[in-house]
Every structure is written in structure tokens, then in C-alpha cells.
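Peer 1: To be precise about what I am sending: the file is called my_file39.tsv and holds TSV, C-alpha atoms.
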chain	number	residue	atom	x	y	z
A	1261	MET	CA	0.00	0.00	0.00
A	1262	GLU	CA	1.30	3.45	-0.97
A	1263	PHE	CA	0.53	6.28	1.42
A	1264	ASP	CA	-0.19	9.89	0.60
A	1265	ASP	CA	2.22	11.56	3.01
A	1266	LYS	CA	0.07	14.70	3.22
A	1267	VAL	CA	-2.87	12.84	4.78
A	1268	PRO	CA	-2.76	11.32	8.28
A	1269	ILE	CA	-1.62	7.71	7.96
A	1270	TYR	CA	-4.12	6.41	10.53
A	1271	TYR	CA	-6.93	7.80	8.38
A	1272	GLN	CA	-5.56	6.09	5.26
A	1273	ILE	CA	-5.35	2.78	7.14
A	1274	GLU	CA	-8.97	3.18	8.28
A	1275	GLU	CA	-9.97	3.79	4.65
A	1276	TYR	CA	-7.94	0.77	3.54
A	1277	ILE	CA	-9.71	-1.53	6.01
A	1278	ARG	CA	-13.14	-0.07	5.22
A	1279	GLN	CA	-12.50	-0.70	1.52
A	1280	GLN	CA	-11.42	-4.27	2.21
A	1281	ILE	CA	-14.69	-4.83	4.07
A	1282	ILE	CA	-16.85	-3.23	1.38
A	1283	SER	CA	-15.12	-5.16	-1.41
A	1284	GLY	CA	-15.55	-8.41	0.53
A	1285	GLN	CA	-11.84	-9.13	1.01
A	1286	LEU	CA	-12.56	-8.92	4.72
A	1287	ALA	CA	-15.90	-10.69	5.21
A	1288	ALA	CA	-18.44	-9.93	7.93
A	1289	GLY	CA	-17.22	-11.55	11.15
A	1290	ALA	CA	-13.71	-12.16	9.76
A	1291	GLN	CA	-10.68	-11.59	11.95
A	1292	VAL	CA	-8.51	-8.58	11.15
A	1293	PRO	CA	-4.75	-9.32	11.11
A	1294	ALA	CA	-2.94	-8.59	14.38
A	1295	VAL	CA	-1.68	-5.06	15.01
A	1296	ARG	CA	2.00	-5.95	14.66
A	1297	GLN	CA	1.33	-7.96	11.50
A	1298	LEU	CA	-0.49	-5.00	9.94
A	1299	ALA	CA	2.38	-2.74	11.01
A	1300	LEU	CA	4.84	-5.05	9.26
A	1301	ASP	CA	2.68	-5.48	6.15
A	1302	LEU	CA	2.23	-1.72	5.75
A	1303	THR	CA	5.62	-0.68	7.26
A	1304	VAL	CA	3.86	1.62	9.66
A	1305	ASN	CA	4.25	2.43	13.32
A	1306	VAL	CA	2.29	0.11	15.66
A	1307	ASN	CA	0.77	3.16	17.40
A	1308	THR	CA	-0.65	4.35	14.08
A	1309	ILE	CA	-2.27	0.96	13.37
A	1310	GLN	CA	-3.63	0.92	16.92
A	1311	ARG	CA	-5.15	4.36	16.45
A	1312	ALA	CA	-6.84	3.37	13.17
A	1313	LEU	CA	-8.23	0.13	14.63
A	1314	SER	CA	-9.45	1.87	17.81
A	1315	HIS	CA	-11.38	4.34	15.73
A	1316	LEU	CA	-12.91	1.55	13.64
A	1317	VAL	CA	-13.92	-0.18	16.89
A	1318	GLN	CA	-15.40	3.08	18.22
A	1319	THR	CA	-17.48	3.52	15.08
A	1320	GLY	CA	-18.71	-0.08	15.27
A	1321	VAL	CA	-17.05	-1.27	12.05
A	1322	LEU	CA	-14.81	-3.64	14.01
A	1323	VAL	CA	-15.57	-5.50	17.21
A	1324	SER	CA	-12.74	-6.02	19.67
A	1325	LYS	CA	-12.78	-9.35	21.51
A	1326	ARG	CA	-10.52	-9.37	24.54
A	1327	GLY	CA	-7.54	-11.64	24.02
A	1328	LEU	CA	-8.70	-12.68	20.55
A	1329	GLY	CA	-8.21	-9.56	18.45
A	1330	ASN	CA	-10.41	-7.49	16.17
A	1331	PHE	CA	-13.23	-8.79	13.98
A	1332	VAL	CA	-15.35	-7.25	11.25
A	1333	THR	CA	-18.83	-6.52	12.58
A	1334	THR	CA	-21.67	-8.84	11.62
A	1335	ASP	CA	-24.22	-6.03	12.15
A	1336	ALA	CA	-26.00	-5.72	8.78
A	1337	HIS	CA	-27.02	-2.10	9.45
A	1338	VAL	CA	-23.41	-1.04	10.07
A	1339	LEU	CA	-22.20	-2.89	6.97
A	1340	ALA	CA	-24.93	-1.37	4.82
A	1341	ALA	CA	-24.14	2.11	6.15
A	1342	LEU	CA	-20.45	1.54	5.36
A	1343	ARG	CA	-21.33	0.63	1.80
A	1344	THR	CA	-23.69	3.58	1.37
A	1345	ALA	CA	-21.09	6.02	2.71
A	1346	ALA	CA	-18.44	4.63	0.35
A	1347	ILE	CA	-20.74	4.99	-2.66
A	1348	GLN	CA	-21.79	8.50	-1.67
A	1349	ALA	CA	-18.44	10.22	-2.24
A	1350	PRO	CA	-17.85	9.21	-5.90
A	1351	LEU	CA	-21.56	9.75	-6.65
A	1352	ALA	CA	-21.49	13.26	-5.25
A	1353	GLN	CA	-18.44	14.05	-7.33
A	1354	LEU	CA	-20.04	12.65	-10.49
A	1355	TYR	CA	-23.30	14.54	-9.87
A	1356	ASP	CA	-21.50	17.85	-9.27
A	1357	ARG	CA	-19.46	17.49	-12.46
A	1358	LEU	CA	-22.43	16.58	-14.60
A	1359	ALA	CA	-24.52	19.35	-13.03
A	1360	ALA	CA	-21.72	21.78	-13.85
A	1361	LEU	CA	-22.18	20.77	-17.48
A	1362	ASN	CA	-25.85	21.80	-17.17
A	1363	LEU	CA	-27.20	18.27	-17.61
A	1364	THR	CA	-30.78	17.73	-16.45
A	1365	ALA	CA	-31.65	14.87	-14.12
A	1366	ASP	CA	-33.08	12.86	-17.02
A	1367	GLU	CA	-29.98	13.44	-19.14
A	1368	MET	CA	-27.79	12.29	-16.25
A	1369	ARG	CA	-29.81	9.10	-15.79
A	1370	ALA	CA	-29.72	8.41	-19.53
A	1371	ALA	CA	-25.97	9.08	-19.76
A	1372	LEU	CA	-25.26	6.79	-16.81
A	1373	GLU	CA	-27.48	4.01	-18.23
A	1374	THR	CA	-25.77	4.26	-21.63
A	1375	TYR	CA	-22.33	4.24	-20.05
A	1376	ILE	CA	-23.08	1.17	-17.89
A	1377	ALA	CA	-24.46	-0.68	-20.93
A	1378	GLN	CA	-21.31	0.21	-22.88
A	1379	ARG	CA	-18.99	-1.07	-20.13
A	1380	GLU	CA	-20.99	-4.28	-19.76
A	1381	LYS	CA	-20.71	-4.87	-23.51
A	1382	GLU	CA	-16.92	-4.25	-23.39
A	1383	SER	CA	-16.38	-6.76	-20.60
A	1384	GLU	CA	-18.35	-9.50	-22.33
B	365	MET	CA	5.22	15.96	33.56
B	366	THR	CA	7.95	13.36	33.78
B	367	SER	CA	9.02	12.09	30.39
B	368	LEU	CA	11.15	9.11	29.49
B	369	VAL	CA	13.74	11.45	27.99
B	370	ASP	CA	14.23	14.81	29.70
B	371	VAL	CA	16.78	17.23	28.32
B	372	THR	CA	16.87	20.79	29.61
B	373	ALA	CA	19.08	23.71	28.53
B	374	LEU	CA	21.70	21.39	27.07
B	375	THR	CA	24.78	23.09	25.69
B	376	TYR	CA	27.85	21.25	24.49
B	377	ARG	CA	31.19	22.64	23.40
B	378	ARG	CA	34.16	20.69	22.19
B	379	ASN	CA	37.57	21.99	21.09
B	380	HIS	CA	36.36	25.60	21.52
B	381	ARG	CA	33.50	24.95	19.12
B	382	THR	CA	29.83	25.00	20.14
B	383	ILE	CA	28.05	21.91	18.82
B	384	LEU	CA	24.68	22.19	20.58
B	385	THR	CA	23.10	25.21	22.27
B	386	GLY	CA	20.12	25.42	24.62
B	387	VAL	CA	18.51	22.14	23.64
B	388	ASP	CA	15.25	21.24	25.39
B	389	LEU	CA	13.79	17.86	24.53
B	390	HIS	CA	11.11	15.80	26.23
B	391	LEU	CA	10.08	12.42	24.84
B	392	ALA	CA	7.35	10.13	26.17
B	393	ALA	CA	7.58	6.33	26.30
B	394	ASN	CA	6.51	4.19	23.34
B	395	ARG	CA	7.43	6.57	20.53
B	396	ILE	CA	9.43	6.29	17.34
B	397	VAL	CA	11.01	9.67	16.75
B	398	GLY	CA	12.90	10.93	13.70
B	399	LEU	CA	15.93	13.10	14.45
B	400	LEU	CA	16.38	15.20	11.31
B	401	GLY	CA	19.08	17.60	10.26
B	402	ALA	CA	21.85	18.13	7.74
B	403	ASN	CA	25.23	16.48	8.22
B	404	GLY	CA	27.11	18.31	10.94
B	405	ALA	CA	23.97	19.79	12.50
B	406	GLY	CA	24.61	17.94	15.77
B	407	LYS	CA	22.50	14.77	15.47
B	408	THR	CA	25.29	12.35	16.36
B	409	THR	CA	26.49	14.61	19.17
B	410	LEU	CA	23.00	14.65	20.69
B	411	MET	CA	22.94	10.83	20.57
B	412	ARG	CA	26.41	10.61	22.16
B	413	LEU	CA	25.25	12.94	24.93
B	414	LEU	CA	22.02	11.02	25.58
B	415	SER	CA	23.86	7.69	25.66
B	416	GLY	CA	26.47	8.94	28.14
B	417	LEU	CA	29.40	8.70	25.71
B	418	ALA	CA	29.91	12.45	25.53
B	419	VAL	CA	30.32	14.19	28.87
B	420	ASN	CA	31.18	17.65	30.25
B	421	PHE	CA	28.05	19.32	28.94
B	422	LYS	CA	26.03	22.14	30.48
B	423	GLY	CA	22.39	21.55	31.35
B	424	HIS	CA	20.44	18.50	32.40
B	425	ILE	CA	19.90	15.06	30.85
B	426	ALA	CA	17.70	12.37	32.43
B	427	ILE	CA	16.66	9.09	30.84
B	428	ALA	CA	14.11	7.03	32.75
B	429	GLY	CA	15.29	8.97	35.80
B	430	ALA	CA	18.98	8.18	35.23
B	431	THR	CA	21.06	11.34	35.24
B	432	THR	CA	24.71	10.29	35.47
B	433	ALA	CA	26.49	9.16	32.31
B	434	THR	CA	27.12	5.71	33.80
B	435	ALA	CA	23.49	5.21	34.82
B	436	ARG	CA	22.26	6.39	31.40
B	437	LYS	CA	24.41	3.78	29.65
B	438	GLY	CA	22.21	1.15	31.28
B	439	GLN	CA	19.02	2.77	29.94
B	440	VAL	CA	20.16	3.60	26.41
B	441	ALA	CA	21.29	1.40	23.53
B	442	TYR	CA	23.25	3.35	20.93
B	443	SER	CA	24.09	1.96	17.49
B	444	ASN	CA	27.84	2.55	17.57
B	445	ALA	CA	28.94	-1.10	17.89
B	446	LEU	CA	31.28	-0.86	14.91
B	447	ALA	CA	32.85	2.46	15.91
B	448	GLU	CA	35.96	1.06	17.59
B	449	THR	CA	36.48	-2.52	16.52
B	450	ALA	CA	39.34	-4.46	15.02
B	451	PRO	CA	38.40	-5.00	11.35
B	452	HIS	CA	39.93	-8.48	11.13
B	453	GLN	CA	37.65	-9.80	13.91
B	454	PRO	CA	34.77	-12.11	13.02
B	455	VAL	CA	31.24	-10.87	13.67
B	456	THR	CA	30.85	-13.38	16.53
B	457	ALA	CA	33.76	-11.77	18.44
B	458	LEU	CA	31.99	-8.41	18.32
B	459	VAL	CA	28.75	-10.04	19.48
B	460	ASP	CA	30.57	-11.66	22.43
B	461	PHE	CA	32.22	-8.35	23.30
B	462	TRP	CA	28.86	-6.54	23.17
B	463	ALA	CA	27.28	-9.22	25.38
B	464	THR	CA	30.08	-8.78	27.93
B	465	CYS	CA	29.72	-4.99	27.96
B	466	TYR	CA	25.96	-4.96	28.47
B	467	PRO	CA	24.23	-7.24	31.00
B	468	ASP	CA	20.89	-6.35	29.35
B	469	PHE	CA	22.06	-7.89	26.04
B	470	ASP	CA	19.67	-10.74	25.24
B	471	ALA	CA	21.36	-13.49	23.22
B	472	ASN	CA	17.99	-14.92	22.15
B	473	ARG	CA	16.82	-11.58	20.83
B	474	PHE	CA	20.09	-11.22	18.95
B	475	ALA	CA	19.84	-14.73	17.46
B	476	ALA	CA	16.32	-14.00	16.18
B	477	LEU	CA	17.34	-10.61	14.78
B	478	ALA	CA	20.45	-12.09	13.13
B	479	GLY	CA	18.24	-14.71	11.49
B	480	GLU	CA	15.70	-12.17	10.23
B	481	LEU	CA	18.42	-9.90	8.89
B	482	ALA	CA	20.44	-12.83	7.46
B	483	LEU	CA	23.66	-11.71	9.17
B	484	PRO	CA	26.79	-13.68	8.18
B	485	LEU	CA	28.11	-14.33	11.70
B	486	ASP	CA	31.29	-16.17	10.63
B	487	GLN	CA	32.57	-13.38	8.37
B	488	ARG	CA	35.22	-10.84	9.32
B	489	LEU	CA	33.94	-7.33	10.02
B	490	GLU	CA	36.10	-5.85	7.26
B	491	ALA	CA	34.41	-8.13	4.69
B	492	LEU	CA	30.90	-6.82	5.39
B	493	SER	CA	29.12	-4.54	2.92
B	494	LYS	CA	27.82	-1.19	4.14
B	495	GLY	CA	24.25	-2.53	4.30
B	496	THR	CA	25.30	-5.59	6.30
B	497	ARG	CA	27.29	-3.40	8.71
B	498	MET	CA	24.15	-1.31	9.28
B	499	LYS	CA	22.05	-4.42	9.85
B	500	LEU	CA	24.61	-5.76	12.33
B	501	GLN	CA	24.63	-2.50	14.30
B	502	VAL	CA	20.83	-2.40	14.38
B	503	ALA	CA	20.67	-6.05	15.53
B	504	LEU	CA	23.23	-5.48	18.32
B	505	THR	CA	21.39	-2.34	19.44
B	506	LEU	CA	17.89	-3.84	19.42
B	507	ALA	CA	19.15	-7.02	21.14
B	508	ARG	CA	19.60	-4.99	24.32
B	509	GLU	CA	16.54	-4.54	26.53
B	510	VAL	CA	16.50	-0.89	27.47
B	511	ALA	CA	14.18	2.12	27.70
B	512	VAL	CA	15.66	4.14	24.83
B	513	TYR	CA	17.24	3.09	21.53
B	514	LEU	CA	19.33	5.47	19.44
B	515	LEU	CA	19.84	4.49	15.79
B	516	ASP	CA	22.33	6.79	14.11
B	517	GLU	CA	21.65	7.07	10.35
B	518	PRO	CA	20.71	3.39	9.92
B	519	PHE	CA	19.38	4.07	6.41
B	520	ASP	CA	22.35	6.03	5.12
B	521	GLY	CA	23.58	4.73	1.78
B	522	ILE	CA	21.83	1.36	1.80
B	523	ASP	CA	19.65	-0.34	-0.81
B	524	SER	CA	15.87	-0.58	-0.49
B	525	MET	CA	15.80	-4.29	0.41
B	526	THR	CA	18.16	-3.66	3.34
B	527	ARG	CA	16.09	-0.66	4.37
B	528	LYS	CA	12.93	-2.78	4.37
B	529	SER	CA	14.48	-5.48	6.52
B	530	ILE	CA	15.79	-2.92	9.03
B	531	LEU	CA	12.34	-1.27	9.19
B	532	ALA	CA	10.76	-4.68	9.81
B	533	SER	CA	13.23	-5.38	12.63
B	534	ILE	CA	12.42	-2.06	14.28
B	535	ILE	CA	8.67	-2.78	14.12
B	536	THR	CA	9.10	-6.34	15.37
B	537	TRP	CA	11.61	-5.79	18.16
B	538	LYS	CA	10.79	-2.41	19.71
B	539	PRO	CA	9.69	-3.23	23.28
B	540	ALA	CA	6.19	-1.82	23.84
B	541	LYS	CA	7.25	0.91	26.28
B	542	ALA	CA	10.57	1.78	24.68
B	543	THR	CA	11.22	4.90	22.65
B	544	ILE	CA	13.42	4.83	19.56
B	545	LEU	CA	15.23	7.86	18.19
B	546	ILE	CA	16.31	7.44	14.54
B	547	SER	CA	18.52	10.03	12.89
B	548	ASP	CA	18.18	10.55	9.16
B	549	HIS	CA	18.77	13.27	6.63
B	550	HIS	CA	16.24	11.93	4.13
B	551	VAL	CA	12.95	11.38	5.94
B	552	THR	CA	10.68	10.22	3.12
B	553	ASP	CA	11.46	6.52	3.30
B	554	ILE	CA	10.76	6.23	7.00
B	555	ALA	CA	8.03	8.87	7.49
B	556	PRO	CA	5.17	6.33	7.96
B	557	LEU	CA	7.16	4.75	10.80
B	558	LEU	CA	7.55	7.94	12.84
B	559	ASP	CA	5.31	9.25	15.64
B	560	GLU	CA	7.25	12.49	15.95
B	561	VAL	CA	10.05	14.40	14.29
B	562	ILE	CA	12.71	16.66	15.75
B	563	VAL	CA	14.68	19.05	13.56
B	564	ILE	CA	18.19	20.18	14.45
B	565	LYS	CA	19.83	23.05	12.61
B	566	ASP	CA	22.89	25.16	13.41
B	567	GLN	CA	23.34	23.73	16.94
B	568	HIS	CA	19.70	24.35	17.88
B	569	LEU	CA	16.71	22.08	18.20
B	570	ILE	CA	14.33	24.16	16.08
B	571	ALA	CA	11.24	21.96	15.77
B	572	HIS	CA	9.49	19.07	17.49
B	573	GLU	CA	6.13	17.95	16.12
B	574	ALA	CA	3.89	14.88	15.87
B	575	THR	CA	3.92	13.52	12.31
B	576	GLU	CA	0.15	13.01	12.13
B	577	ARG	CA	-0.29	16.63	13.26
B	578	ILE	CA	1.96	17.79	10.44
B	579	ARG	CA	-0.25	15.92	7.98
B	580	ALA	CA	-3.59	16.83	9.58
B	581	ILE	CA	-3.01	20.47	10.57
B	582	HIS	CA	-0.34	21.67	8.17
B	583	HIS	CA	-1.47	19.39	5.29
B	584	GLN	CA	2.18	18.82	4.56
B	585	SER	CA	4.30	15.79	3.94
B	586	ILE	CA	6.96	15.23	6.57
B	587	GLU	CA	9.59	15.86	3.91
B	588	THR	CA	8.13	19.27	2.99
B	589	TYR	CA	7.81	20.18	6.67
B	590	TYR	CA	11.46	19.29	7.24
B	591	GLU	CA	12.77	20.96	4.09
B	592	GLN	CA	11.18	24.32	4.89
B	593	PHE	CA	13.63	24.69	7.77
B	594	TYR	CA	16.52	24.24	5.42
B	595	GLU	CA	15.26	26.23	2.45
B	596	GLY	CA	14.64	29.36	4.48
B	597	GLY	CA	10.91	29.00	3.76
B	598	HIS	CA	8.32	30.48	6.11
B	599	GLU	CA	7.59	28.59	9.27
B	600	ASN	CA	4.11	27.41	10.08
B	601	ASP	CA	2.93	27.80	13.66
For the structure just supplied, provide its representation as C-alpha cells.
Peer 2:
Amino acid sequence: MEFDDKVPIYYQIEEYIRQQIISGQLAAGAQVPAVRQLALDLTVNVNTIQRALSHLVQTGVLVSKRGLGNFVTTDAHVLAALRTAAIQAPLAQLYDRLAALNLTADEMRAALETYIAQREKESE
Amino acid sequence: MTSLVDVTALTYRRNHRTILTGVDLHLAANRIVGLLGANGAGKTTLMRLLSGLAVNFKGHIAIAGATTATARKGQVAYSNALAETAPHQPVTALVDFWATCYPDFDANRFAALAGELALPLDQRLEALSKGTRMKLQVALTLAREVAVYLLDEPFDGIDSMTRKSILASIITWKPAKATILISDHHVTDIAPLLDEVIVIKDQHLIAHEATERIRAIHHQSIETYYEQFYEGGHEND
């Protein structure tokens, strides 16, 4: 993983773990690698990993089990909210850019439909 | 507040030349701290003073409560193992010597570190490459069980594979409560490892900041933050 050195590293690690959960690489209920292992994998300070994981525990994304480590939540509401929040940011950006081009809502929908169809055809 | 490392009004002169002036430094336990500055800024001198090798300074130095140079040597591991050795000696002779000097040297820790870093223990010291010499010094230093570790330019002039293995050793072997001070003049490669950075310039300690604060508040990379002190750029804060 490459870090952007202008953004707090703990935040980038939180994002990295959230993305792994959303993409399914870390399944609901799965165990998160140990703090020191993550530190070694990402070549990051243990304190920084700890800070990222603590915040994910605080926000309910991870569940800490004493003596066992950290696990991805199995709470469907939390997982759905995580997914919605992750989709929101690129959608907002797309909407703002299309709106700046003076597209109407119908034109946006049509453009998006056409684009999806095109990509599906390409990947066939 | 009592810190693990307490330095107050430290001034050091040698051969009629001032090397450090009015240094105040307080470090908590469980930190990895980058000591940054150009060559000759005083980084090595500060490490020699902390470790008790350099004496006759003005001011106050305490490490885990130890104030005399002799007492500090028992609290600080400094990566100068190869400074005064006979080049024809095998690595094992240096390891034995180090173990004799320091009762806190843990042979098991050293054996594990030597394995991870693939150290050629039967070779003569003079036959070692620069990278291997660095790895050996880091292994000897981290094999001691102390409160404070001082690594003097461990990444200077080494290849990226060696750098990675040294970084992994630091992450693996830092005791939970220990604080490590790493000097470097090129911070980029190790920035994600650091909790804090200290900048030394022209005999003064001119900055001490948490790395995540530099990113979050100043929106700067650690490298940019450091370089501004040397480019005469404006100072934030």
C-alpha cells in the first residue's frame, strides 16, 4: 500500500480496512490481522495501526474481543451504512461534475445508463 | 510531567566549538522519533550525549530517571557497535564483546534478529558490505533490553531491500514501552514509521512535532515540513 504523506496515515489505514470490508476481502465476522502484522505489512508504526483500529472499533465497524483480536462486525445495518457512505463520495463528485455541465436529471440518468451498458458490452 | 527522555538547557562545546546550544527535549515512552538535520547539525552529538558517551556538557539530561552518564548507559542502547572494533575480527567476536559490555544484552533476541536480517556471523567485520554493517549494528542495538534506543543514520547509503528489513526489525523488536530515536537526513522513506520528528539546525533544536499533526493540521508531507527549515521557507505555527 502506498501512502499519501500529506494525509494522516491512521486515516488512510482506516480507509484501507473499510474498503477491504466493502469489497468483501474482509468478510463480515472475519478476523482482522494482528496489530504488529499490519504494522509489518504496511511498514507503519504500531501506534498508528492501533489508532486506526481503535477508531474503527469506536465507530462499530470492528468488534474487539478481549484476548482474541479485532473482527469485522456482523451487524447488517453497520455494513450497509459503510457501503452507502463509500458509494456517496464518488456519486457526489459525479453529480457535481455533470450538473456543472448543465445536464438535467433525465440526461444524467440516460448518460449513466448508456455508459453502464457500454462497459458491460466491453467486458463480455 | 515526567518524560522518558528529559533534556533541559543542554549546551555542548568541544575543542572551543559549540556543537549544541540550549537544547530542550522531552520524549514520552513508546514513541518512534525521527531526528532530522543536515550532516554536521549535531544529530550524532545529541545521541552521544544522551547515551552517556559524551560528557562535560552544560544543562540536564535524564533518561528514565537516570542522570549520570554511567546510569544512562544502562538505559540507552546506541548503534555505535562498529565504531571502535578491530576489522579483522569475526562478527561473533563483536557479538561476544557486546554481550560482555551490556548485561541487558539478550542473546535470544540477537539470534532472532540475526536470522531475520540474514547476518553472516562467521565473516570478518572488514568483509561486510555497508548494508550488512548497518544491519549488524541495528541487531546489536535492538538485542539490548532498554528504555531508549538510538539508531544513528541506519538508512544512510543502503539499498531498499536492506532498508525494508531494518524497518521490519524495528517494528518487530521495539519493546512496547521503549522509545526509539532514529537520525536521518532523508525522511521520506521512513516517514510512515515515525510518531514524531525533531529538527536540528545550526546547533539548535528548532522543531518538534507529531507527524500526524503535520499531515492533519499543516497538510504537509513530513519531507516538505522538514525541508522548509533548510530552504529558508516560512515557518508554520
Peer 1: Pick out the closest residue to Arg377 of chain B from this set: B:Gly429, B:Gly479, B:Gly406, B:Gly438. Count only C-alpha atoms.
Peer 2: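 Going through B:Gly429, B:Gly479, B:Gly406, B:Gly438 one by one, the smallest distance to Arg377 of chain B is for B:Gly406.
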Peer 1: For each of A:Ile1277, A:Leu1372, A:Met1261, A:Leu1328, take the minimum atom-to-atom distance to chain B, counting all atoms listed in the file, then give the residue where this is smallest.
Peer 2: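 Under the stated criterion, the closest residue is A:Met1261.
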Peer 1: Kindly provide, as number ranges by chain, the residues of chain B having any atom no farther than 9 Å from an atom of chain A, counting only C-alpha atoms.
Peer 2: B: 394-396, 528, 531-532, 535-536, 552, 554-559, 575-580, 582-587
Peer 1: Taking (34.6, -15.1, 8.5) in the file's own coordinates, collect the residues within 10 Å, counting all atoms listed in the file, and hand them back as a count of residues only.
Peer 2: 14
Peer 1: Please, what distance in Å, to one decimal, runs between atom CA of Lys565 of chain B and atom CA of Ala405 of chain B?
Peer 2: 5.3 Å
Peer 1: Copy segment 1267-1276 of chain A out of the block into a file, keeping all heavy atoms, as a CSV table (one decimal), in the first residue's frame.
Peer 2:
chain,number,residue,atom,x,y,z
A,1267,VAL,N,-1.6,13.2,4.1
A,1267,VAL,CA,-2.9,12.8,4.8
A,1267,VAL,C,-2.5,11.9,6.0
A,1267,VAL,O,-1.6,11.1,5.8
A,1267,VAL,CB,-3.8,12.1,3.8
A,1267,VAL,CG1,-5.1,11.6,4.5
A,1267,VAL,CG2,-4.1,13.0,2.6
A,1268,PRO,N,-3.1,12.2,7.1
A,1268,PRO,CA,-2.8,11.3,8.3
A,1268,PRO,C,-2.8,9.8,7.9
A,1268,PRO,O,-3.7,9.4,7.3
A,1268,PRO,CB,-3.8,11.7,9.3
A,1268,PRO,CG,-4.2,13.1,9.0
A,1268,PRO,CD,-4.1,13.2,7.5
A,1269,ILE,N,-1.8,9.1,8.3
A,1269,ILE,CA,-1.6,7.7,8.0
A,1269,ILE,C,-2.7,6.9,8.6
A,1269,ILE,O,-3.3,6.0,8.0
A,1269,ILE,CB,-0.2,7.2,8.4
A,1269,ILE,CG1,0.9,8.0,7.8
A,1269,ILE,CG2,-0.1,5.7,8.0
A,1269,ILE,CD1,1.2,7.9,6.4
A,1270,TYR,N,-3.1,7.2,9.9
A,1270,TYR,CA,-4.1,6.4,10.5
A,1270,TYR,C,-5.4,6.5,9.7
A,1270,TYR,O,-6.2,5.5,9.6
A,1270,TYR,CB,-4.3,6.9,12.0
A,1270,TYR,CG,-5.1,8.1,12.2
A,1270,TYR,CD1,-6.5,8.1,12.3
A,1270,TYR,CD2,-4.5,9.4,12.2
A,1270,TYR,CE1,-7.3,9.2,12.4
A,1270,TYR,CE2,-5.2,10.5,12.3
A,1270,TYR,CZ,-6.6,10.4,12.4
A,1270,TYR,OH,-7.4,11.6,12.5
A,1271,TYR,N,-5.7,7.6,9.2
A,1271,TYR,CA,-6.9,7.8,8.4
A,1271,TYR,C,-6.9,6.9,7.1
A,1271,TYR,O,-7.9,6.3,6.7
A,1271,TYR,CB,-7.1,9.3,8.0
A,1271,TYR,CG,-8.4,9.5,7.2
A,1271,TYR,CD1,-9.6,9.5,7.9
A,1271,TYR,CD2,-8.4,9.7,5.8
A,1271,TYR,CE1,-10.8,9.7,7.1
A,1271,TYR,CE2,-9.5,9.8,5.1
A,1271,TYR,CZ,-10.7,9.8,5.8
A,1271,TYR,OH,-11.9,10.0,5.0
A,1272,GLN,N,-5.7,6.9,6.5
A,1272,GLN,CA,-5.6,6.1,5.3
A,1272,GLN,C,-5.7,4.6,5.6
A,1272,GLN,O,-6.2,3.8,4.8
A,1272,GLN,CB,-4.2,6.4,4.6
A,1272,GLN,CG,-4.1,7.8,4.1
A,1272,GLN,CD,-2.8,8.1,3.4
A,1272,GLN,OE1,-2.5,7.6,2.4
A,1272,GLN,NE2,-2.0,9.0,4.1
A,1273,ILE,N,-5.2,4.2,6.8
A,1273,ILE,CA,-5.4,2.8,7.1
A,1273,ILE,C,-6.8,2.4,7.4
A,1273,ILE,O,-7.3,1.4,7.0
A,1273,ILE,CB,-4.5,2.5,8.4
A,1273,ILE,CG1,-3.0,2.6,7.9
A,1273,ILE,CG2,-4.7,1.1,8.9
A,1273,ILE,CD1,-2.0,2.7,9.1
A,1274,GLU,N,-7.5,3.4,8.1
A,1274,GLU,CA,-9.0,3.2,8.3
A,1274,GLU,C,-9.7,3.0,6.9
A,1274,GLU,O,-10.5,2.1,6.8
A,1274,GLU,CB,-9.6,4.4,9.0
A,1274,GLU,CG,-9.4,4.4,10.4
A,1274,GLU,CD,-10.1,5.7,11.0
A,1274,GLU,OE1,-11.3,5.9,10.7
A,1274,GLU,OE2,-9.5,6.4,11.8
A,1275,GLU,N,-9.4,3.9,6.0
A,1275,GLU,CA,-10.0,3.8,4.7
A,1275,GLU,C,-9.7,2.4,4.0
A,1275,GLU,O,-10.5,1.8,3.4
A,1275,GLU,CB,-9.4,4.9,3.8
A,1275,GLU,CG,-10.2,6.2,3.9
A,1275,GLU,CD,-11.6,6.1,3.4
A,1275,GLU,OE1,-11.8,5.8,2.2
A,1275,GLU,OE2,-12.5,6.4,4.2
A,1276,TYR,N,-8.4,2.0,4.1
A,1276,TYR,CA,-7.9,0.8,3.5
A,1276,TYR,C,-8.7,-0.4,4.1
A,1276,TYR,O,-9.2,-1.3,3.3
A,1276,TYR,CB,-6.4,0.6,3.8
A,1276,TYR,CG,-5.8,-0.7,3.6
A,1276,TYR,CD1,-5.5,-1.1,2.3
A,1276,TYR,CD2,-5.5,-1.5,4.6
A,1276,TYR,CE1,-4.9,-2.3,2.0
A,1276,TYR,CE2,-4.8,-2.7,4.4
A,1276,TYR,CZ,-4.6,-3.1,3.1
A,1276,TYR,OH,-3.9,-4.3,2.9
